[in-house]
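Dumped coords-v3.cif below, it's mmCIF, C-alpha atoms:
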data_work
loop_
_atom_site.group_PDB
_atom_site.id
_atom_site.type_symbol
_atom_site.label_atom_id
_atom_site.label_comp_id
_atom_site.auth_asym_id
_atom_site.auth_seq_id
_atom_site.Cartn_x
_atom_site.Cartn_y
_atom_site.Cartn_z
ATOM 1 C CA MET A 1 29.242 23.108 16.718
ATOM 2 C CA LYS A 2 28.386 19.503 16.004
ATOM 3 C CA ILE A 3 25.182 18.317 14.393
ATOM 4 C CA THR A 4 24.135 15.016 12.821
ATOM 5 C CA VAL A 5 23.261 15.099 9.133
ATOM 6 C CA ALA A 6 21.829 11.976 7.523
ATOM 7 C CA GLY A 7 23.341 9.864 10.288
ATOM 8 C CA GLU A 8 26.804 11.450 10.180
ATOM 9 C CA THR A 9 28.215 13.799 12.784
ATOM 10 C CA LYS A 10 29.466 17.009 11.220
ATOM 11 C CA GLU A 11 31.180 20.148 12.445
ATOM 12 C CA VAL A 12 29.413 23.259 11.166
ATOM 13 C CA LYS A 13 29.501 26.939 12.011
ATOM 14 C CA GLU A 14 27.475 28.206 14.952
ATOM 15 C CA GLY A 15 23.923 29.158 14.020
ATOM 16 C CA ILE A 16 24.003 27.703 10.536
ATOM 17 C CA THR A 17 20.583 27.934 8.902
ATOM 18 C CA ILE A 18 18.814 25.104 7.132
ATOM 19 C CA ALA A 19 19.256 26.913 3.811
ATOM 20 C CA GLU A 20 22.991 27.234 4.419
ATOM 21 C CA LEU A 21 23.230 23.566 5.348
ATOM 22 C CA ILE A 22 21.392 22.562 2.159
ATOM 23 C CA GLU A 23 23.970 24.514 0.175
ATOM 24 C CA LEU A 24 26.889 23.162 2.197
ATOM 25 C CA GLU A 25 25.718 19.573 1.699
ATOM 26 C CA LYS A 26 25.180 20.164 -2.030
ATOM 27 C CA VAL A 27 21.685 18.689 -1.832
ATOM 28 C CA GLU A 28 20.395 17.905 -5.332
ATOM 29 C CA THR A 29 17.116 19.518 -6.425
ATOM 30 C CA PRO A 30 16.632 21.160 -3.000
ATOM 31 C CA GLU A 31 13.231 22.499 -4.034
ATOM 32 C CA TYR A 32 11.903 18.932 -3.759
ATOM 33 C CA VAL A 33 13.537 18.114 -0.456
ATOM 34 C CA THR A 34 11.784 18.032 2.885
ATOM 35 C CA VAL A 35 13.987 18.703 5.902
ATOM 36 C CA SER A 36 13.416 17.239 9.321
ATOM 37 C CA VAL A 37 15.131 18.598 12.417
ATOM 38 C CA ASN A 38 14.975 16.352 15.460
ATOM 39 C CA GLU A 39 12.170 14.396 13.747
ATOM 40 C CA SER A 40 10.003 17.463 13.153
ATOM 41 C CA PHE A 41 9.512 18.673 9.605
ATOM 42 C CA ALA A 42 10.711 22.215 9.094
ATOM 43 C CA ASP A 43 8.563 24.780 7.308
ATOM 44 C CA LYS A 44 10.115 25.535 3.899
ATOM 45 C CA ASN A 45 9.398 29.218 4.447
ATOM 46 C CA THR A 46 11.774 29.275 7.406
ATOM 47 C CA TYR A 47 14.761 27.495 5.833
ATOM 48 C CA ALA A 48 16.600 30.792 5.358
ATOM 49 C CA THR A 49 16.056 31.916 8.928
ATOM 50 C CA GLN A 50 15.812 28.763 11.056
ATOM 51 C CA ALA A 51 19.152 28.349 12.816
ATOM 52 C CA LEU A 52 20.308 24.919 13.881
ATOM 53 C CA LYS A 53 21.622 24.192 17.348
ATOM 54 C CA GLU A 54 24.386 22.042 18.776
ATOM 55 C CA GLY A 55 23.325 18.392 18.755
ATOM 56 C CA ASP A 56 20.506 18.770 16.234
ATOM 57 C CA THR A 57 19.722 15.805 14.000
ATOM 58 C CA VAL A 58 18.888 16.686 10.410
ATOM 59 C CA GLU A 59 17.534 14.515 7.608
ATOM 60 C CA PHE A 60 16.916 15.397 3.959
ATOM 61 C CA LEU A 61 14.034 13.518 2.377
ATOM 62 C CA TYR A 62 12.886 13.648 -1.212
ATOM 63 C CA CYS A 63 9.174 14.120 -1.553
ATOM 64 C CA MET A 64 8.258 10.927 -3.416
ATOM 65 C CA GLY A 65 5.157 10.522 -5.468
ATOM 66 C CA GLY A 66 3.745 9.849 -8.869
ATOM 67 C CA GLY A 67 0.661 8.860 -10.743
ATOM 68 C CA ALA A 68 -0.748 6.378 -13.186
ATOM 69 C CA ARG A 69 -1.442 8.904 -15.956
ATOM 70 C CA MET B 70 22.284 -2.126 -13.516
ATOM 71 C CA ARG B 71 20.847 -5.462 -12.470
ATOM 72 C CA ILE B 72 18.445 -5.497 -9.548
ATOM 73 C CA THR B 73 17.526 -8.483 -7.447
ATOM 74 C CA ILE B 74 14.541 -8.900 -5.153
ATOM 75 C CA THR B 75 13.711 -11.976 -3.132
ATOM 76 C CA ARG B 76 10.530 -13.927 -3.774
ATOM 77 C CA SER B 77 9.325 -13.182 -0.243
ATOM 78 C CA ASP B 78 9.833 -9.418 -0.673
ATOM 79 C CA TYR B 79 8.079 -9.558 -4.035
ATOM 80 C CA ASP B 80 5.189 -11.485 -2.460
ATOM 81 C CA LYS B 81 5.001 -8.951 0.373
ATOM 82 C CA MET B 82 4.833 -6.070 -2.105
ATOM 83 C CA LEU B 83 2.185 -7.830 -4.194
ATOM 84 C CA ALA B 84 0.016 -8.687 -1.179
ATOM 85 C CA HIS B 85 0.103 -5.076 -0.025
ATOM 86 C CA ALA B 86 -0.728 -3.786 -3.501
ATOM 87 C CA LEU B 87 -3.685 -6.160 -3.779
ATOM 88 C CA LYS B 88 -4.904 -5.164 -0.341
ATOM 89 C CA GLU B 89 -4.753 -1.458 -1.213
ATOM 90 C CA ARG B 90 -6.712 -1.786 -4.472
ATOM 91 C CA PRO B 91 -8.394 0.170 -5.982
ATOM 92 C CA ASN B 92 -5.852 2.711 -4.701
ATOM 93 C CA GLU B 93 -2.192 2.781 -5.609
ATOM 94 C CA ALA B 94 0.117 1.225 -3.028
ATOM 95 C CA CYS B 95 3.642 2.487 -2.445
ATOM 96 C CA GLY B 96 6.789 2.128 -0.423
ATOM 97 C CA LEU B 97 10.562 2.192 -0.374
ATOM 98 C CA ILE B 98 13.283 -0.289 -1.257
ATOM 99 C CA ALA B 99 16.579 -0.621 0.553
ATOM 100 C CA GLY B 100 19.634 -2.799 0.311
ATOM 101 C CA ILE B 101 23.151 -2.968 -1.032
ATOM 102 C CA ASP B 102 24.838 -1.718 -4.200
ATOM 103 C CA HIS B 103 27.518 -4.292 -4.964
ATOM 104 C CA GLU B 104 30.746 -3.445 -6.772
ATOM 105 C CA ASP B 105 29.855 -5.771 -9.648
ATOM 106 C CA GLY B 106 26.858 -3.582 -10.489
ATOM 107 C CA VAL B 107 24.207 -5.712 -8.817
ATOM 108 C CA ARG B 108 21.681 -3.760 -6.783
ATOM 109 C CA GLU B 109 20.400 -6.157 -4.123
ATOM 110 C CA ILE B 110 17.093 -5.275 -2.493
ATOM 111 C CA ARG B 111 17.269 -6.467 1.095
ATOM 112 C CA HIS B 112 14.063 -4.954 2.372
ATOM 113 C CA VAL B 113 10.795 -3.635 0.993
ATOM 114 C CA TYR B 114 8.993 -1.018 3.080
ATOM 115 C CA LEU B 115 5.217 -0.731 2.825
ATOM 116 C CA LEU B 116 4.220 2.884 3.322
ATOM 117 C CA THR B 117 0.950 4.777 3.359
ATOM 118 C CA ASN B 118 -0.189 6.468 0.172
ATOM 119 C CA THR B 119 -1.298 9.792 1.606
ATOM 120 C CA ASP B 120 -3.173 10.572 -1.621
ATOM 121 C CA ALA B 121 -5.395 7.471 -1.113
ATOM 122 C CA SER B 122 -6.011 7.524 -4.858
ATOM 123 C CA ASN B 123 -6.128 5.030 -7.727
ATOM 124 C CA GLU B 124 -4.199 7.481 -9.927
ATOM 125 C CA HIS B 125 -1.659 9.121 -7.633
ATOM 126 C CA PHE B 126 0.629 8.351 -4.759
ATOM 127 C CA THR B 127 2.661 10.312 -2.235
ATOM 128 C CA LEU B 128 4.740 8.580 0.408
ATOM 129 C CA ASP B 129 3.959 9.547 3.984
ATOM 130 C CA PRO B 130 6.954 11.717 5.033
ATOM 131 C CA GLN B 131 6.901 10.580 8.671
ATOM 132 C CA GLU B 132 6.939 6.919 7.632
ATOM 133 C CA GLN B 133 9.653 7.733 5.109
ATOM 134 C CA LEU B 134 11.763 9.183 7.904
ATOM 135 C CA SER B 135 11.226 6.084 10.061
ATOM 136 C CA ALA B 136 12.180 3.848 7.139
ATOM 137 C CA VAL B 137 15.385 5.785 6.480
ATOM 138 C CA LYS B 138 16.382 5.407 10.119
ATOM 139 C CA ASP B 139 15.653 1.685 9.967
ATOM 140 C CA MET B 140 17.764 1.350 6.814
ATOM 141 C CA ARG B 141 20.664 3.067 8.519
ATOM 142 C CA ALA B 142 20.329 0.855 11.596
ATOM 143 C CA ASN B 143 20.507 -2.222 9.371
ATOM 144 C CA GLY B 144 23.376 -1.004 7.206
ATOM 145 C CA TRP B 145 21.197 -0.685 4.109
ATOM 146 C CA LYS B 146 21.177 2.081 1.558
ATOM 147 C CA PRO B 147 18.009 3.727 0.219
ATOM 148 C CA LEU B 148 17.716 2.334 -3.317
ATOM 149 C CA GLY B 149 14.493 3.934 -4.530
ATOM 150 C CA ASN B 150 10.792 3.446 -4.282
ATOM 151 C CA TRP B 151 7.980 1.274 -5.599
ATOM 152 C CA HIS B 152 4.337 1.794 -6.347
ATOM 153 C CA SER B 153 1.486 -0.048 -7.968
ATOM 154 C CA HIS B 154 -0.557 0.771 -11.039
ATOM 155 C CA PRO B 155 -3.904 -0.895 -10.285
ATOM 156 C CA GLU B 156 -5.328 -0.294 -13.742
ATOM 157 C CA SER B 157 -2.423 0.521 -16.055
ATOM 158 C CA PRO B 158 0.779 -1.102 -17.333
ATOM 159 C CA SER B 159 4.116 -1.321 -15.538
ATOM 160 C CA ARG B 160 5.714 1.744 -17.058
ATOM 161 C CA PRO B 161 6.365 5.242 -15.725
ATOM 162 C CA SER B 162 3.592 7.725 -16.403
ATOM 163 C CA GLU B 163 4.411 11.318 -17.296
ATOM 164 C CA GLU B 164 3.741 12.218 -13.675
ATOM 165 C CA ASP B 165 6.017 9.416 -12.463
ATOM 166 C CA LYS B 166 8.831 10.771 -14.606
ATOM 167 C CA ARG B 167 8.202 14.365 -13.595
ATOM 168 C CA LEU B 168 8.348 13.457 -9.905
ATOM 169 C CA ALA B 169 11.379 11.157 -10.133
ATOM 170 C CA TYR B 170 13.866 13.626 -8.696
ATOM 171 C CA ASP B 171 16.624 11.229 -7.737
ATOM 172 C CA SER B 172 18.635 9.984 -10.711
ATOM 173 C CA LYS B 173 20.449 7.446 -8.510
ATOM 174 C CA ALA B 174 17.192 5.753 -7.478
ATOM 175 C CA SER B 175 15.479 2.745 -8.989
ATOM 176 C CA TYR B 176 11.743 3.080 -9.493
ATOM 177 C CA LEU B 177 9.758 -0.151 -9.344
ATOM 178 C CA ILE B 178 6.239 -0.272 -10.757
ATOM 179 C CA LEU B 179 3.913 -3.186 -10.111
ATOM 180 C CA SER B 180 1.028 -3.437 -12.553
ATOM 181 C CA LEU B 181 -2.168 -5.165 -11.436
ATOM 182 C CA MET B 182 -3.913 -4.424 -14.707
ATOM 183 C CA GLU B 183 -4.270 -8.107 -15.559
ATOM 184 C CA GLU B 184 -6.013 -9.842 -12.684
ATOM 185 C CA ASP B 185 -3.938 -13.036 -12.788
ATOM 186 C CA ASN B 186 -0.730 -11.634 -14.165
ATOM 187 C CA PRO B 187 0.930 -8.973 -11.992
ATOM 188 C CA VAL B 188 3.928 -7.396 -13.717
ATOM 189 C CA LEU B 189 6.859 -5.780 -11.922
ATOM 190 C CA HIS B 190 9.465 -3.733 -13.776
ATOM 191 C CA ALA B 191 12.251 -1.423 -12.616
ATOM 192 C CA PHE B 192 13.157 1.902 -14.176
ATOM 193 C CA HIS B 193 15.878 4.508 -14.089
ATOM 194 C CA VAL B 194 14.653 8.053 -14.651
ATOM 195 C CA GLU B 195 16.955 10.922 -15.462
ATOM 196 C CA GLN B 196 15.940 14.365 -16.717
ATOM 197 C CA GLY B 197 12.471 13.076 -17.493
ATOM 198 C CA VAL B 198 13.657 10.146 -19.591
ATOM 199 C CA SER B 199 13.080 6.605 -18.357
ATOM 200 C CA SER B 200 14.914 3.405 -19.197
ATOM 201 C CA THR B 201 14.243 -0.143 -18.057
ATOM 202 C CA GLU B 202 16.557 -1.782 -15.535
ATOM 203 C CA GLU B 203 17.036 -5.542 -15.398
ATOM 204 C CA LEU B 204 15.079 -6.975 -12.492
ATOM 205 C CA GLU B 205 15.253 -10.540 -11.241
ATOM 206 C CA VAL B 206 13.045 -12.156 -8.613
ATOM 207 C CA ILE B 207 15.184 -14.727 -6.840
ATOM 208 C CA ASP B 208 13.926 -17.581 -4.729
ATOM 209 C CA ASN B 209 14.834 -17.393 -1.063
ATOM 210 C CA GLY B 210 17.618 -19.790 -0.238
#

When written as structure tokens, how does the structure in this file appear?
Amino acid sequence: MKITVAGETKEVKEGITIAELIELEKVETPEYVTVSVNESFADKNTYATQALKEGDTVEFLYCMGGGAR
Amino acid sequence: MRITITRSDYDKMLAHALKERPNEACGLIAGIDHEDGVREIRHVYLLTNTDASNEHFTLDPQEQLSAVKDMRANGWKPLGNWHSHPESPSRPSEEDKRLAYDSKASYLILSLMEEDNPVLHAFHVEQGVSSTEELEVIDNG
């Protein structure tokens, strides 16, 4: 099936989970990445079970923050 | 790595940081990485600091997503982020270094510690170690 990952159309296996896609895309420091699917942020606890569907749009975003001390 | 930012983008960043005081202000930078090693900032995004704090910042994820889509639509690359230090120097704090997950990003810090002398520096952070990157504010042509 085809999905869009970070703006690029990709062919992936049917029912691929978010966790599998993170591994496939070799996302660096995945523990700090937030994933959005069709502009909704996915719950980290469901990455291993949430299957993607044909036509889904996925973005990987680094949680960005810091502090003055 | 040499980074360039236009005077108007610098002014926009500074105005936002002053407006957000006493809290830290933050946002994203986007542009082009040229083959000669120059990192050209083409756009500065002003995002909400969801921590609303003078000591911490977290970029609003929804705004971050919108910014990334805008970058893509304009042919820009995400280059890193920026934030202000309202009361401390322009250098990465321990927390800044700990939360700098992307070794390809540039991290800009704007210090407002001296009322009449804002200071902007850029940093590379890798495995918790920071180094200064050359940053030049260029006048708009």

Got a sec to resolve the PyMOL selection byres ((chain A) within 7 of (chain B)) on this structure and send the residues as a list in words?
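Evaluating the PyMOL selection byres ((chain A) within 7 of (chain B)) on this file yields Met64, Gly65, Gly66, Gly67, Ala68 and Arg69 of chain A.
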
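The coordinates place CA of Thr57 in chain A at 19.3 Å from CA of Trp145 in chain B.
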
Give me, please, the distance in Å between CA of Glu54 in chain A and CA of Val35 in chain A, quoted to one decimal.
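Distance reported for this atom pair: 16.9 Å.
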
Apply the PyMOL selection byres ((chain B and resi 73) around 12) to the displayed file and report the matching residues as a PyMOL selection string.
chain B and resi 70-72+74-79+98-103+106-113+148+175+177+189-191+202-209

How would the residues just picked look written out with C-alpha atoms as a CSV table (one decimal), in the coordinates of the input?
chain,number,residue,atom,x,y,z
B,70,MET,CA,22.3,-2.1,-13.5
B,71,ARG,CA,20.8,-5.5,-12.5
B,72,ILE,CA,18.4,-5.5,-9.5
B,74,ILE,CA,14.5,-8.9,-5.2
B,75,THR,CA,13.7,-12.0,-3.1
B,76,ARG,CA,10.5,-13.9,-3.8
B,77,SER,CA,9.3,-13.2,-0.2
B,78,ASP,CA,9.8,-9.4,-0.7
B,79,TYR,CA,8.1,-9.6,-4.0
B,98,ILE,CA,13.3,-0.3,-1.3
B,99,ALA,CA,16.6,-0.6,0.6
B,100,GLY,CA,19.6,-2.8,0.3
B,101,ILE,CA,23.2,-3.0,-1.0
B,102,ASP,CA,24.8,-1.7,-4.2
B,103,HIS,CA,27.5,-4.3,-5.0
B,106,GLY,CA,26.9,-3.6,-10.5
B,107,VAL,CA,24.2,-5.7,-8.8
B,108,ARG,CA,21.7,-3.8,-6.8
B,109,GLU,CA,20.4,-6.2,-4.1
B,110,ILE,CA,17.1,-5.3,-2.5
B,111,ARG,CA,17.3,-6.5,1.1
B,112,HIS,CA,14.1,-5.0,2.4
B,113,VAL,CA,10.8,-3.6,1.0
B,148,LEU,CA,17.7,2.3,-3.3
B,175,SER,CA,15.5,2.7,-9.0
B,177,LEU,CA,9.8,-0.2,-9.3
B,189,LEU,CA,6.9,-5.8,-11.9
B,190,HIS,CA,9.5,-3.7,-13.8
B,191,ALA,CA,12.3,-1.4,-12.6
B,202,GLU,CA,16.6,-1.8,-15.5
B,203,GLU,CA,17.0,-5.5,-15.4
B,204,LEU,CA,15.1,-7.0,-12.5
B,205,GLU,CA,15.3,-10.5,-11.2
B,206,VAL,CA,13.0,-12.2,-8.6
B,207,ILE,CA,15.2,-14.7,-6.8
B,208,ASP,CA,13.9,-17.6,-4.7
B,209,ASN,CA,14.8,-17.4,-1.1

Test item: residues at most 12 Å from Val27 in chain A, only C-alpha atoms, excluding those fewer than 5 positions along its chain, as a list in words
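The contact residues come out as Val5, Ala6, Ile18, Ala19, Glu20, Leu21, Ile22, Tyr32, Val33, Thr34, Val35, Glu59, Phe60, Leu61 and Tyr62 of chain A; Tyr170 and Asp171 of chain B.
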
Atom-to-atom span, CA of Gln196 in chain B and CA of Glu132 in chain B, Å:
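These atoms are spaced 27.0 Å apart.
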
Spatial neighbours of Gly15 in chain A, max dist 10 Å, all atoms listed in the file, sep filter under 4 positions, as an MDAnalysis selection string:
chainID A and resid 1 20 49:54

Translate the PyMOL selection byres ((chain A and resi 39) around 8) into a concrete residue list for this structure, as a list in words.
Ser36, Val37, Asn38, Ser40, Phe41, Thr57 and Val58 of chain A; Leu134 of chain B

Restricting the calculation to only C-alpha atoms: of B:Lys146, B:Lys81, B:Arg90, B:His193, which residue gets closest to Leu181 in chain B?
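Answer, going by the shortest atom-to-atom distance: B:Arg90.
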